[in-house]
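With PDB, C-alpha atoms inside, this is work30.pdb:
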ATOM      1  CA  MET A 123       0.000   0.000   0.000
ATOM      2  CA  VAL A 124       1.406   3.401  -0.954
ATOM      3  CA  ARG A 125       1.544   5.994   1.826
ATOM      4  CA  ARG A 126       0.018   9.161   0.416
ATOM      5  CA  ASP A 127       0.814  11.502   3.292
ATOM      6  CA  THR A 128       3.827  13.158   1.679
ATOM      7  CA  GLU A 129       4.198  15.589  -1.209
ATOM      8  CA  ALA A 130       6.199  13.040  -3.189
ATOM      9  CA  THR A 131       3.758  10.142  -2.779
ATOM     10  CA  ARG A 132       0.356  11.888  -2.726
ATOM     11  CA  TYR A 133      -0.376  11.261  -6.421
ATOM     12  CA  ALA A 134       2.162   8.513  -7.066
ATOM     13  CA  PHE A 135       1.484   5.331  -9.012
ATOM     14  CA  CYS A 136       2.086   1.967  -7.405
ATOM     15  CA  GLY A 137       3.254  -1.378  -8.786
ATOM     16  CA  ALA A 138       6.364  -2.812 -10.400
ATOM     17  CA  ILE A 139       6.902  -0.041 -12.962
ATOM     18  CA  ALA A 140       6.520   2.674 -10.318
ATOM     19  CA  ILE A 141       9.084   0.913  -8.110
ATOM     20  CA  HIS A 142      11.431   0.530 -11.075
ATOM     21  CA  GLN A 143      11.017   4.227 -11.840
ATOM     22  CA  GLU A 144      11.787   5.214  -8.247
ATOM     23  CA  LEU A 145      14.920   3.045  -8.213
ATOM     24  CA  ASP A 146      16.021   4.637 -11.469
ATOM     25  CA  HIS A 147      15.463   8.161 -10.140
ATOM     26  CA  SER A 148      17.389   7.247  -6.988
ATOM     27  CA  GLY A 149      20.446   6.411  -9.072
ATOM     28  CA  TYR A 150      20.436   2.611  -8.992
ATOM     29  CA  ARG A 151      22.153   1.217 -12.079
ATOM     30  CA  ALA A 152      21.388  -2.454 -11.488
ATOM     31  CA  LYS A 153      17.619  -2.735 -11.119
ATOM     32  CA  PRO A 154      15.558  -5.925 -10.806
ATOM     33  CA  SER A 155      13.247  -6.873 -13.647
ATOM     34  CA  LEU A 156       9.527  -6.223 -13.451
ATOM     35  CA  SER A 157       8.872  -9.948 -13.009
ATOM     36  CA  THR A 158      11.238 -10.038 -10.022
ATOM     37  CA  ILE A 159       9.591  -6.992  -8.445
ATOM     38  CA  ASN A 160       6.171  -8.553  -8.964
ATOM     39  CA  ARG A 161       7.266 -11.807  -7.324
ATOM     40  CA  VAL A 162       8.463  -9.898  -4.254
ATOM     41  CA  LEU A 163       5.221  -7.914  -4.099
ATOM     42  CA  LYS A 164       3.124 -11.064  -4.437
ATOM     43  CA  ARG A 165       5.164 -12.930  -1.815
ATOM     44  CA  ASN A 166       4.490 -10.125   0.645
ATOM     45  CA  GLY A 167       0.799  -9.881  -0.148
ATOM     46  CA  LEU A 168       1.102  -6.428  -1.675
ATOM     47  CA  ILE A 169      -0.665  -7.075  -4.977
ATOM     48  CA  VAL A 170      -4.327  -6.130  -4.958
ATOM     49  CA  PRO A 171      -6.383  -7.666  -7.813
ATOM     50  CA  GLN A 172      -7.812  -4.963 -10.045
ATOM     51  CA  SER A 173     -11.496  -5.147 -10.840
ATOM     52  CA  LYS A 174     -12.240  -4.961 -14.552
ATOM     53  CA  THR A 175     -14.878  -2.389 -15.448
ATOM     54  CA  THR A 176     -14.508  -2.437 -19.229
ATOM     55  CA  LYS A 177     -17.766  -3.502 -20.834
ATOM     56  CA  LYS A 178     -17.944  -5.627 -23.943
ATOM     57  CA  ASN A 179     -20.670  -5.884 -26.518
ATOM     58  CA  ALA A 180     -23.134  -8.432 -25.213
ATOM     59  CA  SER A 181     -23.827  -9.637 -28.740
ATOM     60  CA  GLY A 182     -20.172  -9.781 -29.705
ATOM     61  CA  THR A 183     -20.686  -7.208 -32.457
ATOM     62  CA  TYR A 184     -17.637  -5.398 -33.757
ATOM     63  CA  TYR A 185     -17.099  -1.881 -32.449
ATOM     64  CA  PRO A 186     -15.331   0.471 -34.891
ATOM     65  CA  GLU A 187     -12.667   2.705 -33.416
ATOM     66  CA  ILE A 188      -9.533   4.591 -34.394
ATOM     67  CA  LYS A 189      -6.328   2.833 -33.399
ATOM     68  CA  ALA A 190      -3.901   5.529 -32.300
ATOM     69  CA  ARG A 191      -0.526   4.883 -33.917
ATOM     70  CA  HIS A 192       1.307   8.091 -33.083
ATOM     71  CA  PRO A 193       1.130  10.939 -30.556
ATOM     72  CA  GLY A 194      -1.518  13.515 -31.294
ATOM     73  CA  GLN A 195      -3.594  11.238 -33.504
ATOM     74  CA  VAL A 196      -6.431  10.685 -31.014
ATOM     75  CA  HIS A 197      -7.232  12.650 -27.888
ATOM     76  CA  GLN A 198     -10.105  11.715 -25.581
ATOM     77  CA  LEU A 199     -11.753  14.525 -23.627
ATOM     78  CA  ASP A 200     -14.388  14.525 -20.915
ATOM     79  CA  LEU A 201     -16.055  16.725 -18.301
ATOM     80  CA  VAL A 202     -15.890  15.664 -14.656
ATOM     81  CA  THR A 203     -18.958  17.250 -13.073
ATOM     82  CA  PRO A 204     -20.451  18.263 -10.771
ATOM     83  CA  ARG A 205     -18.064  18.801  -7.884
ATOM     84  CA  TYR A 206     -18.629  21.148  -4.935
ATOM     85  CA  ILE A 207     -16.073  23.006  -2.856
ATOM     86  CA  LYS A 208     -17.537  23.890   0.523
ATOM     87  CA  GLY A 209     -17.741  27.643   0.906
ATOM     88  CA  TYR A 210     -16.942  28.193  -2.779
ATOM     89  CA  GLY A 211     -19.486  26.425  -4.979
ATOM     90  CA  VAL A 212     -19.702  24.218  -8.059
ATOM     91  CA  ILE A 213     -16.628  23.379 -10.157
ATOM     92  CA  ILE A 214     -16.049  21.126 -13.143
ATOM     93  CA  SER A 215     -12.847  19.668 -14.530
ATOM     94  CA  VAL A 216     -12.059  19.365 -18.233
ATOM     95  CA  ASN A 217      -9.824  16.295 -18.574
ATOM     96  CA  ARG A 218      -7.963  15.167 -21.712
ATOM     97  CA  ILE A 219      -5.628  12.284 -22.553
ATOM     98  CA  ASP A 220      -3.544  11.312 -25.587
ATOM     99  CA  VAL A 221      -4.475   7.699 -26.408
ATOM    100  CA  CYS A 222      -1.038   6.854 -27.825
ATOM    101  CA  THR A 223       1.237   8.371 -25.171
ATOM    102  CA  GLY A 224      -0.990   8.467 -22.090
ATOM    103  CA  GLN A 225      -0.019  12.119 -21.590
ATOM    104  CA  ALA A 226      -2.857  14.045 -19.965
ATOM    105  CA  ASN A 227      -3.956  17.578 -19.222
ATOM    106  CA  LEU A 228      -6.743  19.047 -17.139
ATOM    107  CA  GLU A 229      -8.140  22.353 -15.960
ATOM    108  CA  GLN A 230     -10.920  23.368 -13.611
ATOM    109  CA  TYR A 231     -13.690  25.933 -14.141
ATOM    110  CA  ASP A 232     -16.852  27.124 -12.426
ATOM    111  CA  SER A 233     -18.970  26.490 -15.548
ATOM    112  CA  LYS A 234     -19.328  23.400 -17.727
ATOM    113  CA  GLY A 235     -20.417  25.266 -20.844
ATOM    114  CA  ALA A 236     -18.796  25.323 -24.268
ATOM    115  CA  ASP A 237     -16.807  28.453 -23.393
ATOM    116  CA  SER A 238     -14.896  26.554 -20.703
ATOM    117  CA  VAL A 239     -14.168  23.689 -23.113
ATOM    118  CA  ILE A 240     -12.854  26.067 -25.790
ATOM    119  CA  ASP A 241     -10.776  27.942 -23.223
ATOM    120  CA  PHE A 242      -9.233  24.611 -22.223
ATOM    121  CA  LEU A 243      -8.586  23.538 -25.824
ATOM    122  CA  ILE A 244      -6.758  26.777 -26.594
ATOM    123  CA  ASP A 245      -4.360  26.378 -23.679
ATOM    124  CA  ASP A 246      -3.995  22.636 -24.266
ATOM    125  CA  TRP A 247      -3.213  22.990 -27.971
ATOM    126  CA  LYS A 248      -0.600  25.642 -27.278
ATOM    127  CA  VAL A 249       1.348  23.415 -24.876
ATOM    128  CA  PHE A 250       0.545  19.787 -25.766
ATOM    129  CA  GLY A 251      -0.402  20.104 -29.425
ATOM    130  CA  MET A 252      -3.509  19.695 -31.568
ATOM    131  CA  PRO A 253      -4.908  16.223 -32.259
ATOM    132  CA  ARG A 254      -6.253  15.025 -35.558
ATOM    133  CA  TYR A 255      -9.241  13.440 -33.812
ATOM    134  CA  LEU A 256     -10.831  14.652 -30.584
ATOM    135  CA  GLN A 257     -13.120  11.952 -29.179
ATOM    136  CA  VAL A 258     -15.934  12.992 -26.844
ATOM    137  CA  ASP A 259     -19.323  11.850 -25.567
ATOM    138  CA  ASN A 260     -22.632  13.503 -26.432
ATOM    139  CA  GLU A 261     -22.577  16.146 -23.701
ATOM    140  CA  ALA A 262     -24.387  19.337 -24.740
ATOM    141  CA  ALA A 263     -21.208  21.360 -24.198
ATOM    142  CA  PHE A 264     -19.594  19.359 -27.020
ATOM    143  CA  ARG A 265     -22.351  18.947 -29.580
ATOM    144  CA  GLY A 266     -24.503  22.028 -28.988
ATOM    145  CA  SER A 267     -28.304  22.137 -29.123
ATOM    146  CA  LEU A 268     -30.211  19.243 -27.590
ATOM    147  CA  TYR A 269     -33.343  20.008 -29.593
ATOM    148  CA  HIS A 270     -32.728  21.548 -33.035
ATOM    149  CA  SER A 271     -31.537  19.234 -35.801
ATOM    150  CA  ARG A 272     -28.415  19.819 -37.884
ATOM    151  CA  THR A 273     -27.165  22.585 -35.614
ATOM    152  CA  PHE A 274     -23.490  22.909 -34.725
ATOM    153  CA  GLY A 275     -22.383  24.002 -31.275
ATOM    154  CA  LYS A 276     -19.499  26.339 -30.503
ATOM    155  CA  VAL A 277     -17.050  23.496 -29.818
ATOM    156  CA  SER A 278     -17.890  21.789 -33.114
ATOM    157  CA  ARG A 279     -17.397  25.059 -34.992
ATOM    158  CA  PHE A 280     -14.122  25.756 -33.189
ATOM    159  CA  CYS A 281     -12.701  22.311 -33.997
ATOM    160  CA  LEU A 282     -13.854  22.455 -37.622
ATOM    161  CA  ASN A 283     -12.205  25.819 -38.169
ATOM    162  CA  PHE A 284      -8.842  24.633 -36.880
ATOM    163  CA  GLY A 285      -8.805  21.256 -38.610
ATOM    164  CA  VAL A 286      -9.573  18.967 -35.666
ATOM    165  CA  GLU A 287     -12.165  16.259 -36.355
ATOM    166  CA  LEU A 288     -14.605  15.550 -33.526
ATOM    167  CA  VAL A 289     -15.580  11.914 -32.946
ATOM    168  CA  PHE A 290     -18.764  11.342 -30.919
ATOM    169  CA  ILE A 291     -19.024   7.963 -29.204
ATOM    170  CA  PRO A 292     -22.400   6.162 -28.889
ATOM    171  CA  PHE A 293     -25.003   7.456 -26.451
ATOM    172  CA  LYS A 294     -24.795   6.047 -22.920
ATOM    173  CA  GLU A 295     -21.568   4.116 -23.550
ATOM    174  CA  PRO A 296     -18.903   6.066 -21.608
ATOM    175  CA  TRP A 297     -16.567   3.050 -21.553
ATOM    176  CA  ARG A 298     -15.864   3.721 -25.241
ATOM    177  CA  ASN A 299     -13.654   6.524 -23.932
ATOM    178  CA  ALA A 300     -11.783   4.062 -21.737
ATOM    179  CA  TYR A 301      -8.518   6.013 -21.522
ATOM    180  CA  ILE A 302     -10.040   9.217 -20.208
ATOM    181  CA  GLU A 303     -12.485   7.306 -18.004
ATOM    182  CA  SER A 304      -9.530   5.560 -16.349
ATOM    183  CA  PHE A 305      -7.803   8.916 -15.854
ATOM    184  CA  ASN A 306     -11.040  10.367 -14.424
ATOM    185  CA  SER A 307     -11.262   7.516 -11.930
ATOM    186  CA  ARG A 308      -7.737   8.213 -10.724
ATOM    187  CA  PHE A 309      -8.505  11.949 -10.629
ATOM    188  CA  ASP A 310     -11.518  11.304  -8.409
ATOM    189  CA  ARG A 311      -9.802   8.832  -6.092
ATOM    190  CA  LEU A 312      -6.358  10.383  -5.638
ATOM    191  CA  LEU A 313      -7.041  14.081  -6.127
ATOM    192  CA  TRP A 314     -10.645  15.018  -5.460
ATOM    193  CA  GLN A 315     -11.295  12.652  -2.550
ATOM    194  CA  SER A 316      -7.822  12.993  -1.040
ATOM    195  CA  GLN A 317      -8.250  16.360   0.669
ATOM    196  CA  PRO A 318     -10.622  19.274   1.265
ATOM    197  CA  PHE A 319     -10.096  22.188  -1.109
ATOM    198  CA  THR A 320     -10.468  25.789  -0.030
ATOM    199  CA  ASP A 321     -11.259  27.324  -3.418
ATOM    200  CA  LEU A 322     -10.825  26.909  -7.172
ATOM    201  CA  GLU A 323      -7.200  28.080  -7.184
ATOM    202  CA  HIS A 324      -6.273  25.532  -4.516
ATOM    203  CA  LEU A 325      -7.748  22.758  -6.661
ATOM    204  CA  LYS A 326      -6.001  24.060  -9.784
ATOM    205  CA  THR A 327      -2.631  24.006  -8.011
ATOM    206  CA  GLU A 328      -3.038  20.435  -6.803
ATOM    207  CA  ALA A 329      -4.445  19.311 -10.162
ATOM    208  CA  LYS A 330      -1.244  20.426 -11.909
ATOM    209  CA  LYS A 331       0.837  18.378  -9.456
ATOM    210  CA  PHE A 332      -1.439  15.390 -10.087
ATOM    211  CA  ARG A 333      -1.119  15.844 -13.876
ATOM    212  CA  ASP A 334       2.664  16.157 -13.797
ATOM    213  CA  LYS A 335       3.031  13.026 -11.661
ATOM    214  CA  HIS A 336       0.796  11.139 -14.102
ATOM    215  CA  ASN A 337       2.660  12.349 -17.180
ATOM    216  CA  THR A 338       6.105  11.598 -15.753
ATOM    217  CA  TYR A 339       5.022   8.041 -14.975
ATOM    218  CA  GLN A 340       3.423   7.518 -18.395
ATOM    219  CA  GLN A 341       6.529   8.799 -20.176
ATOM    220  CA  TYR A 342       8.763   6.445 -18.163
ATOM    221  CA  ARG A 343       6.440   3.486 -18.788
ATOM    222  CA  LYS A 344       6.212   4.125 -22.534
ATOM    223  CA  GLN A 345       9.943   4.693 -23.004
ATOM    224  CA  ASN A 346      11.075   1.685 -21.000
ATOM    225  CA  PHE A 347       8.371  -0.964 -21.083
ATOM    226  CA  SER A 348       6.019  -0.359 -23.996
ATOM    227  CA  LYS A 349       6.050  -3.152 -26.598
ATOM    228  CA  LYS A 350       4.483  -0.877 -29.223
ATOM    229  CA  LYS A 351       6.614   2.024 -30.366
ATOM    230  CA  PRO A 352       4.818   5.043 -31.863
ATOM    231  CA  LEU A 353       5.257   5.597 -35.575
ATOM    232  CA  SER A 354       7.838   8.177 -36.513
ATOM    233  CA  GLY A 355       7.576  10.796 -39.206
ATOM    234  CA  TYR A 356       4.455  12.538 -37.931
ATOM    235  CA  THR A 357       4.292  16.297 -37.425
ATOM    236  CA  GLN A 358       2.694  17.682 -34.288
ATOM    237  CA  ARG A 359       0.642  20.853 -34.735
ATOM    238  CA  PHE A 360       0.467  23.577 -32.096
ATOM    239  CA  LEU A 361      -1.480  26.768 -31.683
ATOM    240  CA  PRO A 362       0.916  29.725 -31.538
ATOM    241  CA  ARG A 363       1.630  31.041 -28.056
ATOM    242  CA  ASN A 364       0.249  34.441 -29.085
ATOM    243  CA  PHE A 365      -3.017  32.938 -30.363
ATOM    244  CA  ILE A 366      -5.950  34.970 -29.013
ATOM    245  CA  PHE A 367      -9.606  33.967 -29.277
ATOM    246  CA  ASP A 368     -12.735  35.418 -27.700
ATOM    247  CA  VAL A 369     -14.538  32.328 -26.363
ATOM    248  CA  SER A 370     -17.869  34.142 -26.501
ATOM    249  CA  ARG A 371     -17.533  34.330 -30.287
ATOM    250  CA  GLU A 372     -19.383  31.764 -32.395
ATOM    251  CA  LEU A 373     -17.493  30.869 -35.543
ATOM    252  CA  PRO A 374     -19.272  30.021 -38.808
ATOM    253  CA  ILE A 375     -19.586  26.418 -39.962
ATOM    254  CA  THR A 376     -16.440  25.765 -41.973
ATOM    255  CA  LYS A 377     -15.247  22.944 -44.221
ATOM    256  CA  GLY A 378     -14.383  19.732 -42.407
ATOM    257  CA  ARG A 379     -15.778  16.514 -40.968
ATOM    258  CA  LEU A 380     -17.682  15.356 -37.878
ATOM    259  CA  HIS A 381     -17.768  11.657 -36.960
ATOM    260  CA  PHE A 382     -20.478   9.738 -35.106
ATOM    261  CA  ILE A 383     -20.191   6.143 -33.894
ATOM    262  CA  ARG A 384     -23.720   4.894 -33.435
ATOM    263  CA  LEU A 385     -25.575   1.706 -32.523
ATOM    264  CA  LEU A 386     -28.488   0.961 -34.838
ATOM    265  CA  ASP A 387     -31.785   0.542 -32.996
ATOM    266  CA  GLU A 388     -34.368  -2.164 -33.634
ATOM    267  CA  LYS A 389     -35.742  -0.166 -36.570
ATOM    268  CA  GLY A 390     -32.316   0.191 -38.185
ATOM    269  CA  CYS A 391     -32.047   3.890 -37.289
ATOM    270  CA  ILE A 392     -29.464   6.143 -35.667
ATOM    271  CA  SER A 393     -29.610   9.630 -34.173
ATOM    272  CA  ILE A 394     -27.239  12.354 -35.366
ATOM    273  CA  LEU A 395     -27.522  15.970 -34.242
ATOM    274  CA  ASN A 396     -31.091  15.508 -32.978
ATOM    275  CA  GLU A 397     -32.269  13.813 -36.163
ATOM    276  CA  THR A 398     -33.310  10.194 -36.692
ATOM    277  CA  ILE A 399     -31.782   8.659 -39.811
ATOM    278  CA  TYR A 400     -32.775   5.301 -41.260
ATOM    279  CA  VAL A 401     -29.841   3.067 -42.242
ATOM    280  CA  GLU A 402     -30.761  -0.619 -42.605
ATOM    281  CA  THR A 403     -33.062  -2.905 -40.606
ATOM    282  CA  SER A 404     -30.959  -6.010 -41.272
ATOM    283  CA  LEU A 405     -28.113  -4.440 -39.277
ATOM    284  CA  SER A 406     -30.141  -3.601 -36.174
ATOM    285  CA  PHE A 407     -28.016  -3.571 -33.009
ATOM    286  CA  GLN A 408     -24.807  -3.276 -35.031
ATOM    287  CA  TYR A 409     -22.447  -0.311 -34.874
ATOM    288  CA  VAL A 410     -21.945   2.061 -37.787
ATOM    289  CA  TRP A 411     -19.625   4.997 -38.434
ATOM    290  CA  ALA A 412     -21.302   8.128 -39.816
ATOM    291  CA  ILE A 413     -19.400  11.087 -41.268
ATOM    292  CA  VAL A 414     -20.875  14.523 -41.853
ATOM    293  CA  ASN A 415     -18.805  16.315 -44.500
ATOM    294  CA  THR A 416     -19.592  20.021 -44.332
ATOM    295  CA  ALA A 417     -17.650  20.870 -47.518
ATOM    296  CA  ASP A 418     -20.188  19.168 -49.779
ATOM    297  CA  GLU A 419     -22.968  18.894 -47.162
ATOM    298  CA  SER A 420     -23.150  15.119 -47.335
ATOM    299  CA  LEU A 421     -23.531  12.208 -44.941
ATOM    300  CA  GLN A 422     -21.769   8.871 -45.407
ATOM    301  CA  ILE A 423     -22.505   5.838 -43.236
ATOM    302  CA  TYR A 424     -20.064   2.912 -43.056
ATOM    303  CA  TYR A 425     -20.304  -0.572 -41.575
ATOM    304  CA  GLN A 426     -17.526  -2.996 -40.706
ATOM    305  CA  ALA A 427     -18.422  -6.556 -39.694
ATOM    306  CA  SER A 428     -15.086  -7.338 -38.009
ATOM    307  CA  ARG A 429     -11.586  -5.984 -37.593
ATOM    308  CA  GLU A 430     -10.416  -7.969 -40.615
ATOM    309  CA  ALA A 431     -13.421  -7.194 -42.803
ATOM    310  CA  PRO A 432     -13.362  -4.234 -45.216
ATOM    311  CA  LYS A 433     -15.449  -1.160 -44.493
ATOM    312  CA  GLN A 434     -18.686  -1.014 -46.447
ATOM    313  CA  LEU A 435     -20.267   2.248 -47.523
ATOM    314  CA  LEU A 436     -23.922   1.650 -46.695
ATOM    315  CA  LYS A 437     -25.331   4.922 -47.905
ATOM    316  CA  THR A 438     -24.529   8.464 -48.968
ATOM    317  CA  GLN A 439     -27.103  11.200 -48.748
ATOM    318  CA  SER A 440     -27.406  14.942 -48.934
ATOM    319  CA  TYR A 441     -27.034  16.678 -45.590
ATOM    320  CA  LYS A 442     -28.115  20.248 -46.174
ATOM    321  CA  LEU A 443     -27.132  22.505 -43.297
ATOM    322  CA  ARG A 444     -29.086  25.375 -41.806
ATOM    323  CA  GLU A 445     -26.487  27.941 -42.849
ATOM    324  CA  SER A 446     -23.917  28.361 -45.574
ATOM    325  CA  VAL A 447     -20.517  26.728 -45.133
ATOM    326  CA  LYS A 448     -17.487  29.024 -45.153
ATOM    327  CA  ASN A 449     -13.788  28.543 -45.732
ATOM    328  CA  ARG A 450     -11.716  28.201 -42.600
ATOM    329  CA  ILE A 451     -10.471  31.380 -40.982
ATOM    330  CA  SER A 452      -6.673  31.286 -40.933
ATOM    331  CA  ILE A 453      -4.908  30.967 -37.591
ATOM    332  CA  SER A 454      -2.975  34.094 -38.576
ATOM    333  CA  LYS A 455      -6.195  36.076 -38.086
ATOM    334  CA  PHE A 456      -6.100  35.192 -34.381
ATOM    335  CA  ILE A 457      -2.478  36.125 -33.730
ATOM    336  CA  LYS A 458      -1.770  38.985 -31.353
ATOM    337  CA  VAL A 459       1.027  41.093 -32.791
TER     338      VAL A 459
END
As a first step, turn the structure in this file into structure tokens.
Amino acid sequence: MVRRDTEATRYAFCGAIAIHQELDHSGYRAKPSLSTINRVLKRNGLIVPQSKTTKKNASGTYYPEIKARHPGQVHQLDLVTPRYIKGYGVIISVNRIDVCTGQANLEQYDSKGADSVIDFLIDDWKVFGMPRYLQVDNEAAFRGSLYHSRTFGKVSRFCLNFGVELVFIPFKEPWRNAYIESFNSRFDRLLWQSQPFTDLEHLKTEAKKFRDKHNTYQQYRKQNFSKKKPLSGYTQRFLPRNFIFDVSRELPITKGRLHFIRLLDEKGCISILNETIYVETSLSFQYVWAIVNTADESLQIYYQASREAPKQLLKTQSYKLRESVKNRISISKFIKV
């Protein structure tokens, strides 16, 4: 059991890799292997079986997903809410993780609206880089209106304009964002429940310590013990440090793509942006991948029977939007001189 009553151990990981990391940082050249460390831990009754919370498809149907092969390819983002600081009020945490590297970032706000999410993305993309795909659930702060069809929220417009493709997981299936859900669980257990916070700034300060401890561990684990090495040759994109954006501003719909992973209901239908769309009855209770392409205002829906099977284009249809689509506004227009 890790003692968490010191600054150094409060947010520390436990287990063989964490012990190996600590020995390395302490200057030991000859370190035991992970298997040796695990044997010692097991012999002393220090290994606690981990309960598995990952859910699988009851029917065994194939779930389509993007396999992250390099840093910055897929980020998962989520809102941890609500939380209450006694004497202060409600706070939420915007948490994000890179699926390939395990590197995370987080920030806390007193509002869970789209403005807070965009504010987070700006700071995150300046320091950690912009992903190609940003995977989220169907929270209103991400997708916008809960009632009007074919409407784009502020976060969708922001991502479209800067070339980041949003991927919405199925409704009521949070485990599809397993990486960020695991990070959220650790956030709740080791940070939020570990101490009383006096105000938002106190939480922000501790959250940064928690993040840095997490990222240092993930970097050590990936560099020393990962069997899968990230692909080389990719280029990471960043927002310029002098990028300025008024989060209250709503951008136009610009050219790009939005992705929706959906489970067909018993009638062979899916819901996208508050609209029911018929796909195919024979594939009821199967997953499909839908892509809204704003450039030509079209919708494509794909199905893949298994990991080895080819993707099938089930249908393409017109997807006329409520407003005209514009060209992207250059990042240079948001640079403070």
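Near A:Ser404, within a cut-off of 10 Å and counting all atoms listed in the file, sit the residues Leu386, Glu388, Lys389 and Gly390 of chain A, with same-chain residues fewer than 5 positions away left out.
Put simply, atom CA of A:Asp237 is 29.5 Å away from atom CA of A:Gln340.
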Evaluate the PyMOL selection byres ((chain A and resi 372-376) around 10) and report residues as a PDB file with C-alpha atoms, in the coordinates of the input:
ATOM      1  CA  ASP A 237     -16.807  28.453 -23.393  1.00  0.00           C
ATOM      2  CA  THR A 273     -27.165  22.585 -35.614  1.00  0.00           C
ATOM      3  CA  PHE A 274     -23.490  22.909 -34.725  1.00  0.00           C
ATOM      4  CA  GLY A 275     -22.383  24.002 -31.275  1.00  0.00           C
ATOM      5  CA  LYS A 276     -19.499  26.339 -30.503  1.00  0.00           C
ATOM      6  CA  VAL A 277     -17.050  23.496 -29.818  1.00  0.00           C
ATOM      7  CA  SER A 278     -17.890  21.789 -33.114  1.00  0.00           C
ATOM      8  CA  ARG A 279     -17.397  25.059 -34.992  1.00  0.00           C
ATOM      9  CA  PHE A 280     -14.122  25.756 -33.189  1.00  0.00           C
ATOM     10  CA  CYS A 281     -12.701  22.311 -33.997  1.00  0.00           C
ATOM     11  CA  LEU A 282     -13.854  22.455 -37.622  1.00  0.00           C
ATOM     12  CA  ASN A 283     -12.205  25.819 -38.169  1.00  0.00           C
ATOM     13  CA  PHE A 284      -8.842  24.633 -36.880  1.00  0.00           C
ATOM     14  CA  GLY A 285      -8.805  21.256 -38.610  1.00  0.00           C
ATOM     15  CA  ASP A 368     -12.735  35.418 -27.700  1.00  0.00           C
ATOM     16  CA  VAL A 369     -14.538  32.328 -26.363  1.00  0.00           C
ATOM     17  CA  SER A 370     -17.869  34.142 -26.501  1.00  0.00           C
ATOM     18  CA  ARG A 371     -17.533  34.330 -30.287  1.00  0.00           C
ATOM     19  CA  LYS A 377     -15.247  22.944 -44.221  1.00  0.00           C
ATOM     20  CA  GLY A 378     -14.383  19.732 -42.407  1.00  0.00           C
ATOM     21  CA  ARG A 379     -15.778  16.514 -40.968  1.00  0.00           C
ATOM     22  CA  THR A 416     -19.592  20.021 -44.332  1.00  0.00           C
ATOM     23  CA  ALA A 417     -17.650  20.870 -47.518  1.00  0.00           C
ATOM     24  CA  LEU A 443     -27.132  22.505 -43.297  1.00  0.00           C
ATOM     25  CA  ARG A 444     -29.086  25.375 -41.806  1.00  0.00           C
ATOM     26  CA  GLU A 445     -26.487  27.941 -42.849  1.00  0.00           C
ATOM     27  CA  SER A 446     -23.917  28.361 -45.574  1.00  0.00           C
ATOM     28  CA  VAL A 447     -20.517  26.728 -45.133  1.00  0.00           C
ATOM     29  CA  LYS A 448     -17.487  29.024 -45.153  1.00  0.00           C
ATOM     30  CA  ASN A 449     -13.788  28.543 -45.732  1.00  0.00           C
ATOM     31  CA  ARG A 450     -11.716  28.201 -42.600  1.00  0.00           C
ATOM     32  CA  ILE A 451     -10.471  31.380 -40.982  1.00  0.00           C
TER      33      ILE A 451
END
Which residues would end up in the selection if the PyMOL selection byres ((chain A and resi 211) around 12) were applied here, given that I need the answer as a PyMOL selection string? chain A and resi 204-210+212-214+231-233+319-322
Where does the PyMOL selection byres ((chain A and resi 364) around 10) land in this file, that is, which residues does it pick, as number ranges by chain? A: 248, 361-363, 365-367, 456-459
Counting all atoms listed in the file, which residue out of A:Leu385, A:Ile392, A:Leu435, A:Val286 sits closest to A:Trp247? A:Val286
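Computed from the coordinates, the atom CA of A:Met252 to atom CA of A:Phe360 distance equals 5.6 Å.
Comparing A:Val202, A:Cys136, A:Leu436, A:Ala226 by their smallest distance to A:Phe332, the closest is A:Ala226 (using only C-alpha atoms).
Proximity ranking of A:Ala427, A:Val216, A:Val289, A:Ala236 relative to A:Leu405 places A:Ala427 first, based on all atoms listed in the file.
The space separating atom CA of A:Leu313 from atom CA of A:Ala140 comes to 18.2 Å.
Each of A:Thr338, A:Asn166, A:Asn415, A:Ser348 was checked against A:His147 using all atoms listed in the file; the smallest atom-to-atom distance is that of A:Thr338.
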